[in-house]
$ cat model_38.cif   # mmCIF, C-alpha atoms and all ligand atoms
data_entry
#
loop_
_atom_site.label_atom_id
_atom_site.label_comp_id
_atom_site.auth_asym_id
_atom_site.auth_seq_id
_atom_site.Cartn_x
_atom_site.Cartn_y
_atom_site.Cartn_z
CA MET A 1 48.53 38.09 -24.57
CA THR A 2 51.59 38.40 -22.38
CA THR A 3 52.17 36.65 -19.07
CA ALA A 4 51.20 37.89 -15.61
CA SER A 5 54.63 39.32 -14.89
CA THR A 6 54.92 41.25 -18.14
CA ARG A 7 51.57 42.90 -18.75
CA ASN A 8 52.26 45.66 -21.16
CA LEU A 9 50.59 48.29 -23.32
CA LEU A 10 51.72 49.94 -26.53
CA VAL A 11 51.18 53.71 -26.65
CA LEU A 12 51.42 54.78 -30.26
CA ASN A 13 51.50 58.37 -31.48
CA GLY A 14 51.26 59.36 -35.10
CA PRO A 15 52.54 62.18 -37.29
CA ASN A 16 53.44 65.59 -35.92
CA LEU A 17 52.84 64.56 -32.32
CA ASN A 18 56.61 64.79 -31.80
CA LEU A 19 55.99 68.55 -32.01
CA LEU A 20 53.64 68.62 -29.02
CA GLY A 21 54.38 71.48 -26.68
CA THR A 22 55.16 73.88 -29.49
CA ARG A 23 52.60 72.78 -32.09
CA GLU A 24 49.44 74.90 -32.03
CA PRO A 25 49.31 75.00 -28.20
CA ALA A 26 45.87 76.65 -28.24
CA ILE A 27 44.56 73.39 -29.74
CA TYR A 28 46.90 70.73 -28.39
CA GLY A 29 48.08 72.25 -25.10
CA SER A 30 51.58 72.82 -23.80
CA SER A 31 52.43 69.25 -22.80
CA THR A 32 55.23 67.64 -24.75
CA LEU A 33 55.30 64.12 -26.20
CA ALA A 34 57.58 63.18 -23.29
CA ASP A 35 54.89 64.45 -20.87
CA VAL A 36 52.23 62.39 -22.68
CA GLU A 37 54.36 59.26 -22.55
CA ALA A 38 55.27 59.83 -18.88
CA ALA A 39 51.57 60.18 -18.00
CA ALA A 40 50.78 56.87 -19.70
CA ILE A 41 53.72 55.13 -18.04
CA ALA A 42 52.71 56.48 -14.60
CA ALA A 43 49.09 55.37 -15.04
CA ALA A 44 50.18 51.88 -16.04
CA SER A 45 52.88 51.46 -13.43
CA ALA A 46 50.34 52.30 -10.68
CA HIS A 47 48.77 48.95 -11.63
CA GLY A 48 52.05 47.11 -12.14
CA TRP A 49 51.87 47.30 -15.93
CA THR A 50 54.54 48.52 -18.30
CA VAL A 51 54.27 50.65 -21.43
CA ASP A 52 56.18 50.74 -24.71
CA CYS A 53 55.98 54.14 -26.39
CA VAL A 54 56.38 54.66 -30.13
CA GLN A 55 55.93 57.85 -32.17
CA SER A 56 56.38 57.99 -35.90
CA ASN A 57 55.62 60.37 -38.74
CA HIS A 58 55.46 57.42 -41.16
CA GLU A 59 52.40 55.24 -41.70
CA GLY A 60 54.39 52.07 -42.37
CA ASP A 61 56.37 52.46 -39.15
CA LEU A 62 53.13 52.77 -37.19
CA ILE A 63 51.86 49.60 -38.87
CA ASP A 64 55.10 47.78 -38.04
CA ALA A 65 54.76 48.83 -34.39
CA ILE A 66 51.18 47.53 -34.33
CA HIS A 67 52.32 44.18 -35.77
CA ALA A 68 55.13 43.98 -33.19
CA ALA A 69 52.59 44.48 -30.39
CA ARG A 70 51.15 41.05 -31.07
CA GLY A 71 52.71 38.87 -28.40
CA THR A 72 54.33 41.78 -26.56
CA ALA A 73 51.33 43.91 -25.55
CA ASP A 74 47.91 43.38 -24.00
CA GLY A 75 46.38 46.46 -25.58
CA ILE A 76 47.08 49.51 -27.69
CA VAL A 77 46.49 53.19 -27.02
CA ILE A 78 46.75 55.01 -30.33
CA ASN A 79 46.56 58.62 -31.38
CA PRO A 80 46.79 58.15 -35.14
CA ALA A 81 46.78 61.96 -35.57
CA ALA A 82 46.07 62.96 -39.19
CA TYR A 83 46.19 59.31 -40.32
CA SER A 84 42.92 58.85 -38.39
CA HIS A 85 41.17 60.62 -41.22
CA THR A 86 42.98 59.04 -44.17
CA SER A 87 44.37 55.59 -43.37
CA VAL A 88 42.70 52.27 -44.04
CA ALA A 89 45.95 50.37 -43.45
CA ILE A 90 46.21 51.39 -39.78
CA PRO A 91 42.75 50.09 -38.78
CA ASP A 92 43.44 46.98 -40.86
CA ALA A 93 46.65 46.42 -38.87
CA LEU A 94 44.81 46.96 -35.59
CA SER A 95 42.15 44.42 -36.60
CA GLY A 96 44.87 42.03 -37.66
CA VAL A 97 46.58 41.84 -34.29
CA GLU A 98 43.32 41.34 -32.36
CA LEU A 99 44.28 43.45 -29.35
CA PRO A 100 41.97 45.84 -27.51
CA VAL A 101 42.41 49.37 -28.82
CA VAL A 102 41.60 52.79 -27.40
CA GLU A 103 41.82 55.72 -29.81
CA VAL A 104 42.84 59.02 -28.25
CA HIS A 105 42.78 62.55 -29.60
CA LEU A 106 44.01 65.48 -27.55
CA SER A 107 41.51 67.81 -29.20
CA ASN A 108 37.79 67.27 -29.66
CA ILE A 109 37.87 66.39 -33.34
CA HIS A 110 34.08 66.84 -33.57
CA ARG A 111 34.36 70.54 -32.73
CA ARG A 112 36.93 71.11 -35.45
CA GLU A 113 36.98 71.09 -39.25
CA GLU A 114 34.57 68.69 -40.96
CA PHE A 115 37.40 66.55 -42.39
CA ARG A 116 38.47 65.66 -38.83
CA HIS A 117 35.03 64.38 -37.80
CA HIS A 118 35.51 60.92 -39.28
CA SER A 119 38.20 58.51 -38.11
CA PHE A 120 38.70 55.16 -39.83
CA VAL A 121 40.29 53.89 -36.60
CA SER A 122 37.17 54.41 -34.48
CA ALA A 123 35.44 51.41 -36.09
CA VAL A 124 38.08 49.06 -34.69
CA ALA A 125 38.49 50.73 -31.28
CA GLN A 126 36.84 49.56 -28.07
CA ALA A 127 36.68 53.18 -26.95
CA VAL A 128 37.42 56.63 -28.28
CA ILE A 129 38.52 59.50 -26.05
CA CYS A 130 38.81 62.95 -27.58
CA GLY A 131 39.00 66.44 -26.20
CA ALA A 132 40.40 65.47 -22.80
CA GLY A 133 43.93 66.60 -23.64
CA ILE A 134 46.78 64.67 -22.07
CA SER A 135 44.33 63.12 -19.56
CA GLY A 136 42.94 61.07 -22.44
CA TYR A 137 46.05 58.90 -22.40
CA ARG A 138 45.72 58.20 -18.66
CA LEU A 139 42.03 57.39 -19.09
CA ALA A 140 42.80 55.07 -22.01
CA VAL A 141 45.48 53.21 -20.04
CA GLU A 142 43.19 52.84 -17.02
CA TYR A 143 40.34 51.58 -19.21
CA LEU A 144 42.51 48.95 -20.90
CA ILE A 145 43.89 47.73 -17.56
CA GLU A 146 40.48 47.67 -15.84
CA SER A 147 38.84 45.85 -18.74
CA ALA A 148 41.64 43.30 -19.22
CA ALA A 149 40.95 39.72 -18.31
CA PRO A 150 42.84 38.64 -15.19
CA ALA A 151 46.31 37.44 -16.10
CA ALA A 152 46.86 33.70 -16.22
CA ASP A 153 49.27 32.48 -13.54
C1 LIG A 201 44.76 64.83 -33.27
C2 LIG A 201 43.61 65.38 -34.13
C3 LIG A 201 43.92 65.16 -35.61
O1 LIG A 201 42.85 65.68 -36.41
C4 LIG A 201 45.19 65.89 -35.99
O2 LIG A 201 45.51 65.64 -37.34
C5 LIG A 201 46.33 65.57 -35.09
C6 LIG A 201 46.10 65.42 -33.66
C7 LIG A 201 44.55 65.14 -31.77
O3 LIG A 201 45.24 64.55 -30.95
O4 LIG A 201 43.71 65.98 -31.43
O5 LIG A 201 47.48 65.55 -35.53
O6 LIG A 201 44.80 63.42 -33.41
#

$ encode --input "model_38.cif" --output "structure tokens"
Amino acid sequence: MTTASTRNLLVLNGPNLNLLGTREPAIYGSSTLADVEAAAIAAASAHGWTVDCVQSNHEGDLIDAIHAARGTADGIVINPAAYSHTSVAIPDALSGVELPVVEVHLSNIHRREEFRHHSFVSAVAQAVICGAGISGYRLAVEYLIESAAPAAD
């Protein structure tokens, strides 16, 4: 937990999300990763919170970012992308840092191929938002801020 003056969220995006805007726009929309991050930052700053944004195509880098959030963030918004469906290490890292987590997917993974229907991350998330596109990030940020305990003075 950070102090009252530095309440902060980590927004973490997994593999291939750096390609947003040009990657399968019929599924993922035309917003870029920069648009996604700007939406999260705007939603947080409206409440006086800050956001650190990390995107990586590498599982270990995502895990390192989760570990670094302990002591620097009050919650994590994560779109683990394809690692949602394959990684045990990412949910283990999220459990390990004991921060509230919201899992976001731009697309509705339950309307897509069967292999996307299960996410290992969902079991360690407070909430899961999928199919809301870029709005999912704003909703996740607002949920984490609204559900956070009041900051200690
Ligand atoms: C995704 C859904 C995943 O199945 C996929 O592998 C992604 C993006 C989404 O945001 O809809 O890369 O997480």

$ residues_near_ligand --input "model_38.cif" --ligand "ligand LIG 201 (chain A)" --cutoff "7 Å" --atoms "all atoms listed in the file" --output "NGL selection string"
:A and (15-17 or 28 or 79-82 or 84 or 104-109 or 116 or 130)

$ closest_residue --input "model_38.cif" --among "A:Ala38, A:Leu99, A:Ile27, A:Leu12" --to "Ser135 in chain A" --atoms "all atoms listed in the file"
A:Ala38

$ residues_around --input "model_38.cif" --residues "Ile63 in chain A" --least-positions-apart "5" --cutoff "9 Å" --atoms "only C-alpha atoms" --output "list of chain:residue names"
A:His58, A:Ala68, A:Ala89, A:Ile90, A:Ala93, A:Leu94

$ atom_distance --input "model_38.cif" --atom1 "CA of Val121 in chain A" --atom2 "CA of Pro91 in chain A"
5.0 Å

$ residues_near_point --input "model_38.cif" --point "(53.9, 54.8, -34.5)" --cutoff "6 Å" --atoms "all atoms listed in the file" --output "ChimeraX atom specification"
/A:12-14,54-56,61-62

$ closest_residue --input "model_38.cif" --among "A:Ile66, A:Ser119, A:Arg111, A:Trp49" --to "Ser95 in chain A" --atoms "all atoms listed in the file"
A:Ile66

$ closest_residue --input "model_38.cif" --among "A:Ala149, A:Arg7, A:Gly96, A:Gly75" --to "His47 in chain A" --atoms "only C-alpha atoms"
A:Arg7

$ atom_distance --input "model_38.cif" --atom1 "CA of Arg70 in chain A" --atom2 "CA of Cys53 in chain A"
14.7 Å

$ closest_residue --input "model_38.cif" --among "A:Val97, A:Thr32, A:Leu144, A:Ala46" --to "Asp64 in chain A" --atoms "all atoms listed in the file"
A:Val97

$ closest_residue --input "model_38.cif" --among "A:Thr72, A:Thr22, A:Ser87, A:Gln126" --to "Val102 in chain A" --atoms "only C-alpha atoms"
A:Gln126

$ closest_residue --input "model_38.cif" --among "A:Gly60, A:Gly136, A:Gly71, A:Gly21" --to "Glu103 in chain A" --atoms "only C-alpha atoms"
A:Gly136

$ atom_distance --input "model_38.cif" --atom1 "CA of Tyr137 in chain A" --atom2 "CA of Ile78 in chain A"
8.9 Å

$ residues_around --input "model_38.cif" --residues "Tyr143 in chain A" --least-positions-apart "5" --cutoff "9 Å" --atoms "all atoms listed in the file" --output "short mmCIF file (atom, residue, chain, number, x, y, z; two decimals) with C-alpha atoms, keeping the file's coordinate frame"
data_model
loop_
_atom_site.label_atom_id
_atom_site.label_comp_id
_atom_site.auth_asym_id
_atom_site.auth_seq_id
_atom_site.Cartn_x
_atom_site.Cartn_y
_atom_site.Cartn_z
CA VAL A 102 41.60 52.79 -27.40
CA ALA A 127 36.68 53.18 -26.95
CA ARG A 138 45.72 58.20 -18.66
CA ALA A 148 41.64 43.30 -19.22
#
